[in-house]
$ cat entry-v4.cif   # mmCIF, C-alpha atoms
data_entry
#
loop_
_atom_site.label_atom_id
_atom_site.label_comp_id
_atom_site.auth_asym_id
_atom_site.auth_seq_id
_atom_site.Cartn_x
_atom_site.Cartn_y
_atom_site.Cartn_z
CA MET A 1 19.25 11.64 22.96
CA THR A 2 16.57 11.13 20.29
CA HIS A 3 16.59 7.70 18.70
CA HIS A 4 15.58 7.62 15.05
CA THR A 5 14.53 4.84 12.72
CA LEU A 6 15.32 5.26 9.04
CA VAL A 7 12.45 3.92 6.93
CA ILE A 8 13.31 2.86 3.37
CA ASN A 9 10.90 2.07 0.52
CA CYS A 10 13.06 1.11 -2.44
CA GLY A 11 11.72 0.83 -6.00
CA SER A 12 13.49 -0.04 -9.22
CA SER A 13 14.20 3.62 -10.05
CA SER A 14 13.34 5.40 -6.80
CA LEU A 15 14.11 5.36 -3.10
CA LYS A 16 11.67 6.93 -0.65
CA PHE A 17 12.82 7.49 2.92
CA ALA A 18 11.77 8.95 6.25
CA LEU A 19 13.62 9.53 9.50
CA ILE A 20 11.19 8.92 12.37
CA ASP A 21 11.42 9.06 16.15
CA ALA A 22 9.27 6.05 17.06
CA ALA A 23 8.95 7.11 20.71
CA SER A 24 7.34 10.47 19.92
CA GLN A 25 5.98 9.31 16.52
CA GLN A 26 7.42 12.47 14.99
CA THR A 27 8.98 12.58 11.52
CA THR A 28 12.23 14.55 11.32
CA VAL A 29 13.16 14.20 7.64
CA THR A 30 11.41 12.81 4.56
CA GLY A 31 12.58 12.56 1.00
CA ILE A 32 12.81 10.71 -2.27
CA ALA A 33 15.51 9.87 -4.77
CA GLU A 34 14.12 9.63 -8.29
CA LYS A 35 15.19 8.68 -11.82
CA LEU A 36 17.85 6.37 -10.42
CA GLY A 37 19.92 4.84 -13.18
CA LEU A 38 19.39 7.86 -15.44
CA ALA A 39 21.62 10.83 -16.15
CA ASP A 40 19.25 13.26 -14.40
CA ALA A 41 18.92 11.30 -11.14
CA CYS A 42 18.07 13.58 -8.21
CA ILE A 43 17.18 13.52 -4.52
CA SER A 44 15.09 15.82 -2.34
CA PHE A 45 14.93 16.26 1.44
CA LYS A 46 12.16 17.88 3.50
CA GLN A 47 12.88 19.04 7.04
CA ASP A 48 11.24 21.71 9.22
CA GLY A 49 9.07 22.83 6.31
CA LYS A 50 12.06 23.40 4.03
CA LYS A 51 12.95 21.42 0.93
CA VAL A 52 16.44 20.76 -0.41
CA GLU A 53 16.88 19.31 -3.90
CA LEU A 54 20.17 17.89 -5.19
CA THR A 55 21.41 16.17 -8.31
CA LEU A 56 23.14 12.85 -7.76
CA ALA A 57 26.65 12.60 -9.13
CA GLN A 58 26.40 8.84 -8.57
CA GLY A 59 22.90 8.31 -9.88
CA ASP A 60 22.14 4.83 -8.56
CA HIS A 61 20.71 3.42 -5.33
CA ALA A 62 24.12 3.40 -3.66
CA GLY A 63 24.61 7.04 -4.60
CA ALA A 64 21.20 7.91 -3.16
CA MET A 65 21.99 6.15 0.11
CA LYS A 66 25.35 7.93 0.33
CA ALA A 67 23.58 11.26 -0.23
CA ILE A 68 21.21 10.45 2.64
CA LEU A 69 24.14 9.58 4.90
CA SER A 70 25.94 12.80 3.93
CA TYR A 71 22.81 14.86 4.64
CA PHE A 72 22.48 13.24 8.07
CA ASP A 73 26.21 13.76 8.79
CA GLU A 74 26.00 17.46 7.97
CA ARG A 75 23.08 17.93 10.36
CA GLY A 76 24.33 15.76 13.19
CA LEU A 77 21.62 13.15 12.73
CA THR A 78 23.66 10.06 11.84
CA GLY A 79 24.44 9.13 15.44
CA SER A 80 20.74 9.13 16.31
CA VAL A 81 19.87 6.43 13.76
CA ILE A 82 19.52 3.16 15.68
CA ALA A 83 17.86 0.95 13.07
CA ILE A 84 16.60 0.77 9.51
CA GLY A 85 13.17 -0.51 8.50
CA HIS A 86 12.46 -1.65 4.95
CA ARG A 87 9.14 -1.99 3.20
CA VAL A 88 9.03 -5.33 1.38
CA VAL A 89 6.04 -6.04 -0.84
CA HIS A 90 5.97 -9.84 -0.83
CA GLY A 91 6.80 -12.22 2.00
CA GLY A 92 4.86 -15.19 0.63
CA GLU A 93 3.81 -17.66 3.32
CA THR A 94 7.20 -17.43 4.99
CA PHE A 95 6.64 -14.17 6.87
CA LYS A 96 3.61 -13.61 9.08
CA GLN A 97 5.08 -10.56 10.82
CA SER A 98 7.93 -8.07 10.57
CA THR A 99 11.35 -9.59 11.19
CA LEU A 100 14.99 -8.74 11.78
CA ILE A 101 17.00 -9.18 8.61
CA ASP A 102 19.77 -11.77 8.43
CA ASP A 103 21.15 -13.95 5.63
CA SER A 104 18.27 -16.42 5.88
CA VAL A 105 15.70 -13.61 5.63
CA ILE A 106 17.45 -12.17 2.58
CA ALA A 107 17.41 -15.64 0.96
CA ALA A 108 13.68 -15.98 1.69
CA ILE A 109 12.93 -12.53 0.21
CA GLU A 110 14.88 -13.58 -2.88
CA ASP A 111 12.79 -16.73 -3.12
CA CYS A 112 9.61 -14.65 -2.97
CA ALA A 113 10.86 -12.51 -5.86
CA ARG A 114 9.20 -14.92 -8.30
CA LEU A 115 5.88 -13.74 -6.82
CA ALA A 116 6.79 -10.04 -7.04
CA PRO A 117 9.43 -9.66 -9.76
CA LEU A 118 8.90 -5.90 -10.05
CA HIS A 119 9.23 -5.22 -6.32
CA ASN A 120 11.26 -7.68 -4.25
CA PRO A 121 14.51 -7.34 -6.27
CA ALA A 122 14.38 -3.58 -5.73
CA HIS A 123 13.76 -4.03 -2.01
CA LEU A 124 16.75 -6.37 -1.80
CA LEU A 125 18.88 -3.75 -3.52
CA GLY A 126 17.79 -1.23 -0.90
CA ILE A 127 18.56 -3.63 1.94
CA ARG A 128 22.05 -4.44 0.67
CA THR A 129 22.84 -0.80 -0.03
CA ALA A 130 21.68 0.25 3.44
CA MET A 131 23.85 -2.46 4.99
CA GLU A 132 26.88 -1.04 3.19
CA CYS A 133 26.19 2.57 4.14
CA PHE A 134 25.04 1.89 7.71
CA PRO A 135 27.17 -1.11 8.76
CA GLY A 136 26.36 -2.63 12.11
CA LEU A 137 22.85 -1.20 12.40
CA PRO A 138 20.02 -3.69 12.81
CA GLN A 139 17.65 -3.82 9.84
CA VAL A 140 14.05 -4.97 9.72
CA ALA A 141 11.79 -6.13 6.89
CA VAL A 142 8.11 -5.12 7.11
CA PHE A 143 6.00 -7.06 4.62
CA ASP A 144 2.87 -5.84 2.82
CA THR A 145 1.59 -9.42 2.75
CA ALA A 146 2.23 -10.35 6.40
CA PHE A 147 -0.98 -8.85 7.80
CA HIS A 148 -3.10 -11.02 5.50
CA GLN A 149 -1.49 -14.29 6.58
CA SER A 150 -4.33 -14.65 9.10
CA MET A 151 -6.84 -15.25 6.28
CA PRO A 152 -8.56 -18.66 6.45
CA GLU A 153 -8.22 -21.20 3.66
CA GLN A 154 -11.59 -20.43 2.13
CA ALA A 155 -10.46 -16.84 1.64
CA TYR A 156 -6.98 -17.43 0.24
CA LEU A 157 -7.33 -20.58 -1.88
CA TYR A 158 -8.09 -20.38 -5.60
CA ALA A 159 -10.27 -23.07 -7.16
CA VAL A 160 -7.35 -24.49 -9.16
CA PRO A 161 -5.52 -27.82 -8.77
CA MET A 162 -4.11 -27.97 -5.24
CA ALA A 163 -0.75 -29.00 -6.68
CA LEU A 164 -0.41 -25.44 -8.02
CA TYR A 165 -0.71 -24.16 -4.46
CA ARG A 166 1.55 -26.76 -2.89
CA GLU A 167 4.28 -26.66 -5.53
CA HIS A 168 4.09 -23.12 -6.93
CA GLY A 169 2.53 -20.99 -4.20
CA VAL A 170 -0.55 -20.11 -6.24
CA ARG A 171 -2.93 -18.55 -3.71
CA ARG A 172 -4.23 -15.16 -2.64
CA TYR A 173 -1.76 -13.15 -0.55
CA GLY A 174 -3.12 -9.61 -0.45
CA PHE A 175 -1.19 -6.34 -0.18
CA HIS A 176 -1.34 -2.93 1.54
CA GLY A 177 -1.26 -4.87 4.81
CA THR A 178 0.79 -2.26 6.66
CA SER A 179 -1.76 0.42 5.78
CA HIS A 180 -4.78 -1.75 6.65
CA ARG A 181 -3.20 -2.65 9.98
CA TYR A 182 -2.45 0.98 10.88
CA VAL A 183 -5.82 2.36 9.79
CA THR A 184 -7.94 -0.25 11.57
CA ALA A 185 -6.07 0.36 14.83
CA GLU A 186 -6.65 4.11 14.40
CA ALA A 187 -10.33 3.52 13.70
CA ALA A 188 -10.78 1.49 16.88
CA ALA A 189 -9.18 4.29 18.89
CA MET A 190 -11.32 6.91 17.14
CA LEU A 191 -14.50 5.01 17.93
CA GLY A 192 -13.43 4.14 21.48
CA LYS A 193 -13.81 0.47 20.60
CA PRO A 194 -11.39 -2.35 21.52
CA LEU A 195 -9.62 -3.49 18.34
CA ALA A 196 -10.08 -7.09 19.53
CA GLU A 197 -13.86 -6.58 19.41
CA SER A 198 -14.19 -4.85 16.03
CA ALA A 199 -15.37 -5.57 12.49
CA PHE A 200 -14.08 -3.13 9.87
CA VAL A 201 -13.90 -2.95 6.11
CA CYS A 202 -10.89 -0.83 5.17
CA ALA A 203 -10.61 0.67 1.69
CA HIS A 204 -7.05 1.73 0.78
CA LEU A 205 -7.58 3.72 -2.40
CA GLY A 206 -4.75 5.12 -4.46
CA ASN A 207 -3.13 4.34 -7.79
CA GLY A 208 -3.10 0.83 -6.33
CA ALA A 209 -6.23 -0.01 -4.35
CA SER A 210 -7.55 -2.77 -2.14
CA VAL A 211 -10.19 -3.47 0.49
CA ALA A 212 -9.71 -5.70 3.51
CA ALA A 213 -12.09 -7.29 5.99
CA VAL A 214 -10.49 -6.95 9.42
CA LEU A 215 -12.16 -8.83 12.26
CA ASN A 216 -10.92 -8.30 15.82
CA GLY A 217 -7.71 -6.76 14.47
CA LYS A 218 -6.92 -9.59 12.05
CA SER A 219 -7.33 -9.73 8.27
CA VAL A 220 -9.88 -12.36 7.25
CA ASP A 221 -10.21 -11.42 3.56
CA THR A 222 -8.89 -8.90 1.08
CA SER A 223 -9.39 -8.01 -2.58
CA MET A 224 -5.87 -8.39 -3.98
CA GLY A 225 -4.57 -11.86 -4.72
CA LEU A 226 -1.43 -13.59 -5.94
CA THR A 227 -0.46 -10.24 -7.47
CA PRO A 228 -1.69 -6.66 -6.96
CA LEU A 229 -3.72 -6.94 -10.21
CA GLU A 230 -6.72 -8.68 -8.64
CA GLY A 231 -9.59 -6.82 -7.07
CA LEU A 232 -10.64 -3.20 -7.48
CA VAL A 233 -10.38 -0.93 -10.50
CA MET A 234 -7.14 1.03 -10.02
CA GLY A 235 -5.22 3.81 -11.75
CA THR A 236 -3.89 1.67 -14.59
CA ARG A 237 -4.82 -1.88 -13.43
CA SER A 238 -8.00 -3.61 -14.52
CA GLY A 239 -8.76 -5.35 -11.24
CA ASP A 240 -10.98 -8.46 -11.44
CA ILE A 241 -11.33 -9.75 -14.98
CA ASP A 242 -12.33 -12.95 -16.78
CA PRO A 243 -9.08 -14.95 -17.00
CA GLY A 244 -10.24 -16.14 -20.42
CA ILE A 245 -9.39 -12.63 -21.66
CA PHE A 246 -5.71 -13.61 -21.65
CA GLY A 247 -6.17 -16.25 -24.35
CA TYR A 248 -8.70 -14.15 -26.27
CA LEU A 249 -6.55 -11.01 -26.43
CA ALA A 250 -3.37 -12.96 -27.13
CA ALA A 251 -5.06 -14.35 -30.26
CA GLU A 252 -6.83 -11.14 -31.26
CA LEU A 253 -3.78 -8.90 -30.81
CA ASN A 254 -1.20 -11.45 -31.87
CA THR A 255 0.68 -11.02 -28.60
CA ASP A 256 1.83 -13.22 -25.71
CA VAL A 257 0.88 -13.52 -22.05
CA GLN A 258 3.30 -10.74 -21.09
CA GLY A 259 1.76 -8.45 -23.70
CA VAL A 260 -1.73 -8.99 -22.29
CA SER A 261 -0.41 -8.61 -18.73
CA ASP A 262 1.11 -5.25 -19.69
CA ILE A 263 -2.26 -4.08 -21.02
CA LEU A 264 -4.08 -5.12 -17.85
CA ASN A 265 -1.45 -3.66 -15.51
CA LYS A 266 -0.38 -0.51 -17.33
CA GLN A 267 -3.10 0.55 -19.78
CA SER A 268 -6.34 -0.35 -18.01
CA GLY A 269 -8.22 0.83 -14.91
CA LEU A 270 -9.18 4.50 -14.78
CA LEU A 271 -6.78 5.28 -17.61
CA GLY A 272 -8.20 2.65 -19.94
CA LEU A 273 -11.84 3.46 -19.22
CA SER A 274 -11.47 7.22 -19.47
CA GLU A 275 -8.92 7.27 -22.30
CA LEU A 276 -7.71 10.39 -20.52
CA SER A 277 -5.83 9.89 -17.25
CA SER A 278 -5.16 7.56 -14.33
CA ASP A 279 -5.29 10.51 -11.91
CA CYS A 280 -8.55 10.71 -10.02
CA ARG A 281 -8.26 14.47 -9.55
CA GLU A 282 -7.96 15.07 -13.29
CA LEU A 283 -10.88 12.75 -13.95
CA GLU A 284 -13.13 14.47 -11.45
CA ASP A 285 -12.42 17.85 -13.07
CA ALA A 286 -12.97 16.42 -16.55
CA ALA A 287 -16.17 14.65 -15.50
CA ALA A 288 -17.54 17.90 -14.09
CA ALA A 289 -16.79 19.51 -17.46
CA GLY A 290 -18.78 16.81 -19.27
CA HIS A 291 -16.07 14.36 -20.36
CA ALA A 292 -17.99 11.10 -20.94
CA GLY A 293 -14.94 8.86 -20.53
CA ALA A 294 -14.05 10.41 -17.18
CA GLN A 295 -17.64 10.08 -16.00
CA ILE A 296 -17.92 6.37 -16.79
CA ALA A 297 -14.48 5.65 -15.31
CA LEU A 298 -15.53 7.15 -11.97
CA GLU A 299 -18.87 5.33 -12.03
CA VAL A 300 -17.23 1.96 -12.69
CA PHE A 301 -14.62 2.63 -9.97
CA ALA A 302 -17.30 3.47 -7.39
CA TYR A 303 -19.61 0.59 -8.36
CA ARG A 304 -16.89 -2.05 -8.26
CA LEU A 305 -15.60 -0.66 -4.96
CA ALA A 306 -19.08 -0.79 -3.40
CA LYS A 307 -19.50 -4.41 -4.58
CA GLN A 308 -16.20 -5.41 -2.98
CA ILE A 309 -17.02 -3.66 0.29
CA ALA A 310 -20.39 -5.43 0.46
CA ALA A 311 -18.69 -8.77 -0.25
CA MET A 312 -16.21 -8.21 2.56
CA THR A 313 -19.04 -8.00 5.10
CA VAL A 314 -19.65 -11.73 4.48
CA ALA A 315 -16.29 -12.45 6.12
CA LEU A 316 -17.13 -10.19 9.07
CA GLY A 317 -20.73 -11.09 9.84
CA ARG A 318 -21.42 -7.45 10.69
CA LEU A 319 -20.01 -4.00 9.93
CA ASP A 320 -18.87 -1.74 12.77
CA ALA A 321 -17.40 0.86 10.39
CA LEU A 322 -16.27 1.48 6.82
CA LEU A 323 -12.84 3.09 6.58
CA PHE A 324 -11.45 5.19 3.71
CA THR A 325 -7.71 5.83 3.36
CA GLY A 326 -4.99 6.33 0.74
CA GLY A 327 -4.65 9.24 -1.69
CA ILE A 328 -8.12 8.81 -3.20
CA GLY A 329 -9.82 7.58 -0.05
CA GLU A 330 -8.57 10.57 1.94
CA ASN A 331 -9.14 13.23 -0.73
CA SER A 332 -12.15 12.37 -2.90
CA PRO A 333 -15.47 13.38 -1.30
CA LEU A 334 -17.11 12.68 -4.68
CA LEU A 335 -16.15 9.01 -4.82
CA ARG A 336 -16.82 8.45 -1.12
CA ALA A 337 -20.32 9.88 -1.60
CA LYS A 338 -20.99 7.62 -4.59
CA VAL A 339 -19.87 4.54 -2.68
CA ILE A 340 -21.85 5.32 0.48
CA LYS A 341 -24.99 5.96 -1.59
CA LEU A 342 -24.62 2.51 -3.17
CA LEU A 343 -24.17 0.96 0.30
CA GLY A 344 -27.19 2.49 1.98
CA PHE A 345 -28.61 -1.00 2.61
CA LEU A 346 -25.72 -1.55 5.09
CA GLY A 347 -27.03 1.32 7.20
CA LEU A 348 -24.65 3.96 5.83
CA ALA A 349 -26.02 7.49 5.47
CA LEU A 350 -23.72 10.29 4.34
CA ASP A 351 -23.24 13.58 6.16
CA PRO A 352 -22.43 15.75 3.10
CA ALA A 353 -20.84 18.60 5.06
CA ALA A 354 -18.60 16.25 7.06
CA ASN A 355 -17.68 14.39 3.88
CA ASP A 356 -16.71 17.58 2.05
CA ALA A 357 -14.61 18.69 5.05
CA ALA A 358 -12.58 15.46 5.10
CA PHE A 359 -9.95 16.54 2.61
CA ARG A 360 -6.22 17.35 2.48
CA GLY A 361 -5.25 15.79 5.76
CA LYS A 362 -8.51 16.33 7.64
CA ALA A 363 -9.88 13.06 8.94
CA GLY A 364 -13.01 12.04 10.80
CA ARG A 365 -16.50 10.61 10.57
CA ILE A 366 -18.41 11.36 7.35
CA THR A 367 -21.77 9.70 8.13
CA ARG A 368 -24.77 10.97 10.07
CA ASP A 369 -25.52 10.22 13.71
CA GLY A 370 -27.31 6.89 13.96
CA SER A 371 -25.74 5.64 10.75
CA THR A 372 -23.20 2.87 10.49
CA PRO A 373 -19.99 4.89 10.80
CA ALA A 374 -17.80 5.66 7.80
CA LEU A 375 -14.47 7.23 8.70
CA VAL A 376 -11.73 8.94 6.73
CA ILE A 377 -8.35 8.10 8.26
CA ASN A 378 -4.95 9.30 7.07
CA THR A 379 -2.72 6.28 6.65
CA ASN A 380 0.89 6.31 7.83
CA GLU A 381 2.73 3.25 6.59
CA GLU A 382 6.11 4.83 7.33
CA LEU A 383 5.22 5.25 11.00
CA MET A 384 3.98 1.66 11.16
CA ILE A 385 7.30 0.46 9.72
CA ALA A 386 9.22 2.63 12.20
CA LEU A 387 7.22 1.29 15.15
CA ASP A 388 7.73 -2.33 14.09
CA THR A 389 11.43 -1.71 13.57
CA ALA A 390 11.92 0.03 16.90
CA ALA A 391 10.06 -2.75 18.73
CA LEU A 392 12.28 -5.43 17.20
CA CYS A 393 15.52 -3.49 17.66
CA GLU A 394 15.02 -2.08 21.15
CA PRO A 395 17.45 -4.55 22.77
CA ALA A 396 20.11 -3.63 20.16
CA ALA A 397 19.60 0.08 20.80
#

$ encode --input "entry-v4.cif" --output "structure tokens"
Amino acid sequence: MTHHTLVINCGSSSLKFALIDAASQQTTVTGIAEKLGLADACISFKQDGKKVELTLAQGDHAGAMKAILSYFDERGLTGSVIAIGHRVVHGGETFKQSTLIDDSVIAAIEDCARLAPLHNPAHLLGIRTAMECFPGLPQVAVFDTAFHQSMPEQAYLYAVPMALYREHGVRRYGFHGTSHRYVTAEAAAMLGKPLAESAFVCAHLGNGASVAAVLNGKSVDTSMGLTPLEGLVMGTRSGDIDPGIFGYLAAELNTDVQGVSDILNKQSGLLGLSELSSDCRELEDAAAAGHAGAQIALEVFAYRLAKQIAAMTVALGRLDALLFTGGIGENSPLLRAKVIKLLGFLGLALDPAANDAAFRGKAGRITRDGSTPALVINTNEELMIALDTAALCEPAA
């Protein structure tokens, strides 16, 4: 009998899910419940190339989970589910790896909610709802921050009073760890290189974006910090910025810290620079048509990304390969070309034909022979969560 892991990624108004056979690494069902809490809440399922869309009579997270259970029941899949894996954004310093969920783990995730108030409460809701709908099944938390807990002090400490770190947890944590972990392992396999003898910079580029320096399979630095606002230019986030801007804008705009934070998180990045869109695809089309805002947004994105990649090589001491992943990283030959051109001094030389071919699911090397390799790799965070969950729950299965 096939054993499936149900992977859950719960947001405040959405619930993404995937049913994965960890042994074969095949995905059986994927889907998403959206607009939860609203009158038009809905859920969609994809299986065998077919899509089913339903409205949710009970339009909350519990209703979404019940709809998933009903779908599985109707197709004889429920009995194959042996465990549930949950994406959790923030594990603070408590969690250095994925872990089976019990009351103490739930309490620790709650404690970390002060560090991720927009994410951890939603994850907890997903965990509790899954426990109600799938009683008795083991559940696992897989943390975005866990992979970066191997960073040394010089990489994660801010130059602020140490009491703020000791008493309030003010330090750099990093995110997208599940993606960086998956992609660097894939890169080592692609290059025929032992992961334990590798030095990669991985660029996870999407609406949220980060780079990580991964040495011998362990994160030694990354661009995101206490929150996902630090680092690269993103869809609507500013990335690195002078912290003095908070006080300046609060006075200039007659607003408070939260008002400035909203501007930097929701109105900045590609959207703020272009005054058009946060979607890279739209900006590339507009830039080609002569839109000045779109053009400068893409140039700033590429320049800041190249600077961060170069900085990450300090933590590595060398560069075995540059890795591109995420929605933008996997699908924007234009931005990859801009970045590689800026990084020519690191021995990177683009193969234009290979770069243009790496698009819509096609992965591979995009640099010339003899160049430092740059690879496009399709990330699969859901599979990583399923593998972690299956490994921890095998005795229970």

$ resolve_selection --input "entry-v4.cif" --expression "the PyMOL selection byres ((chain A and resi 147-155) around 12)" --output "number ranges by chain"
A: 89-98, 142-146, 156-159, 162, 165, 171-182, 184, 211-226, 311-312, 314-316

$ closest_residue --input "entry-v4.cif" --among "A:Val52, A:Ile296, A:Leu125, A:Ala287" --to "His86 (chain A)" --atoms "all atoms listed in the file"
A:Leu125

$ resolve_selection --input "entry-v4.cif" --expression "the PyMOL selection byres ((chain A and resi 348) around 12)" --output "PyMOL selection string"
chain A and resi 306+310+319-323+336-347+349-351+365-375

$ resolve_selection --input "entry-v4.cif" --expression "the PyMOL selection byres ((chain A and resi 8-24) around 8)" --output "PyMOL selection string"
chain A and resi 2-7+25-37+61+64+84-88+118-119+121-123+125-126+382-383+386-387+390

$ atom_distance --input "entry-v4.cif" --atom1 "CA of Gly192 (chain A)" --atom2 "CA of Arg360 (chain A)"
24.2 Å

$ closest_residue --input "entry-v4.cif" --among "A:Arg114, A:Arg237, A:Lys66, A:Lys362" --to "Ala209 (chain A)" --atoms "only C-alpha atoms"
A:Arg237

$ atom_distance --input "entry-v4.cif" --atom1 "CA of Phe200 (chain A)" --atom2 "CA of Ala188 (chain A)"
9.0 Å

$ atom_distance --input "entry-v4.cif" --atom1 "CA of Leu283 (chain A)" --atom2 "CA of Tyr248 (chain A)"
29.7 Å

$ residues_around --input "entry-v4.cif" --residues "region 249-266 of chain A" --least-positions-apart "6" --cutoff "7 Å" --atoms "all atoms listed in the file" --output "PyMOL selection string"
chain A and resi 229+236-238

$ decode --input "entry-v4.cif" --residues "region 140-195 of chain A" --atoms "C-alpha atoms" --output "PDB file, in the first residue's frame"
ATOM      1  CA  VAL A 140       5.706  17.279  12.122  1.00  0.00           C
ATOM      2  CA  ALA A 141       6.793  20.924  12.067  1.00  0.00           C
ATOM      3  CA  VAL A 142       9.365  21.903   9.415  1.00  0.00           C
ATOM      4  CA  PHE A 143      10.825  25.339  10.111  1.00  0.00           C
ATOM      5  CA  ASP A 144      12.011  27.894   7.551  1.00  0.00           C
ATOM      6  CA  THR A 145      14.547  29.162  10.072  1.00  0.00           C
ATOM      7  CA  ALA A 146      16.005  25.808  11.185  1.00  0.00           C
ATOM      8  CA  PHE A 147      18.497  25.437   8.329  1.00  0.00           C
ATOM      9  CA  HIS A 148      20.135  28.754   9.225  1.00  0.00           C
ATOM     10  CA  GLN A 149      20.748  27.834  12.864  1.00  0.00           C
ATOM     11  CA  SER A 150      24.228  26.691  11.808  1.00  0.00           C
ATOM     12  CA  MET A 151      25.274  30.311  11.139  1.00  0.00           C
ATOM     13  CA  PRO A 152      28.196  31.488  13.307  1.00  0.00           C
ATOM     14  CA  GLU A 153      27.839  34.400  15.715  1.00  0.00           C
ATOM     15  CA  GLN A 154      29.533  36.895  13.425  1.00  0.00           C
ATOM     16  CA  ALA A 155      26.869  36.188  10.817  1.00  0.00           C
ATOM     17  CA  TYR A 156      23.762  36.269  13.006  1.00  0.00           C
ATOM     18  CA  LEU A 157      24.504  38.951  15.608  1.00  0.00           C
ATOM     19  CA  TYR A 158      23.436  42.565  15.076  1.00  0.00           C
ATOM     20  CA  ALA A 159      25.669  45.337  16.397  1.00  0.00           C
ATOM     21  CA  VAL A 160      23.120  46.336  19.050  1.00  0.00           C
ATOM     22  CA  PRO A 161      23.281  45.963  22.847  1.00  0.00           C
ATOM     23  CA  MET A 162      23.731  42.276  23.643  1.00  0.00           C
ATOM     24  CA  ALA A 163      20.898  42.525  26.164  1.00  0.00           C
ATOM     25  CA  LEU A 164      18.515  42.892  23.210  1.00  0.00           C
ATOM     26  CA  TYR A 165      19.707  39.526  21.929  1.00  0.00           C
ATOM     27  CA  ARG A 166      19.717  37.778  25.292  1.00  0.00           C
ATOM     28  CA  GLU A 167      16.379  39.125  26.522  1.00  0.00           C
ATOM     29  CA  HIS A 168      14.398  39.745  23.330  1.00  0.00           C
ATOM     30  CA  GLY A 169      15.871  37.428  20.699  1.00  0.00           C
ATOM     31  CA  VAL A 170      17.064  40.260  18.463  1.00  0.00           C
ATOM     32  CA  ARG A 171      19.355  38.542  15.945  1.00  0.00           C
ATOM     33  CA  ARG A 172      19.368  37.385  12.338  1.00  0.00           C
ATOM     34  CA  TYR A 173      17.426  34.155  11.757  1.00  0.00           C
ATOM     35  CA  GLY A 174      17.010  33.860   7.993  1.00  0.00           C
ATOM     36  CA  PHE A 175      14.174  32.235   6.048  1.00  0.00           C
ATOM     37  CA  HIS A 176      13.538  30.041   2.975  1.00  0.00           C
ATOM     38  CA  GLY A 177      15.710  27.450   4.708  1.00  0.00           C
ATOM     39  CA  THR A 178      13.739  24.481   3.395  1.00  0.00           C
ATOM     40  CA  SER A 179      14.226  25.694  -0.175  1.00  0.00           C
ATOM     41  CA  HIS A 180      17.933  26.475   0.275  1.00  0.00           C
ATOM     42  CA  ARG A 181      18.490  23.046   1.822  1.00  0.00           C
ATOM     43  CA  TYR A 182      16.698  21.220  -1.009  1.00  0.00           C
ATOM     44  CA  VAL A 183      18.312  23.191  -3.829  1.00  0.00           C
ATOM     45  CA  THR A 184      21.892  22.904  -2.565  1.00  0.00           C
ATOM     46  CA  ALA A 185      21.532  19.128  -2.218  1.00  0.00           C
ATOM     47  CA  GLU A 186      20.171  18.977  -5.779  1.00  0.00           C
ATOM     48  CA  ALA A 187      23.060  21.112  -7.023  1.00  0.00           C
ATOM     49  CA  ALA A 188      25.648  18.820  -5.465  1.00  0.00           C
ATOM     50  CA  ALA A 189      24.021  15.831  -7.168  1.00  0.00           C
ATOM     51  CA  MET A 190      23.827  17.683 -10.487  1.00  0.00           C
ATOM     52  CA  LEU A 191      27.519  18.555 -10.341  1.00  0.00           C
ATOM     53  CA  GLY A 192      28.559  15.114  -9.074  1.00  0.00           C
ATOM     54  CA  LYS A 193      30.084  16.791  -6.036  1.00  0.00           C
ATOM     55  CA  PRO A 194      29.777  15.628  -2.403  1.00  0.00           C
ATOM     56  CA  LEU A 195      27.518  18.065  -0.548  1.00  0.00           C
TER      57      LEU A 195
END
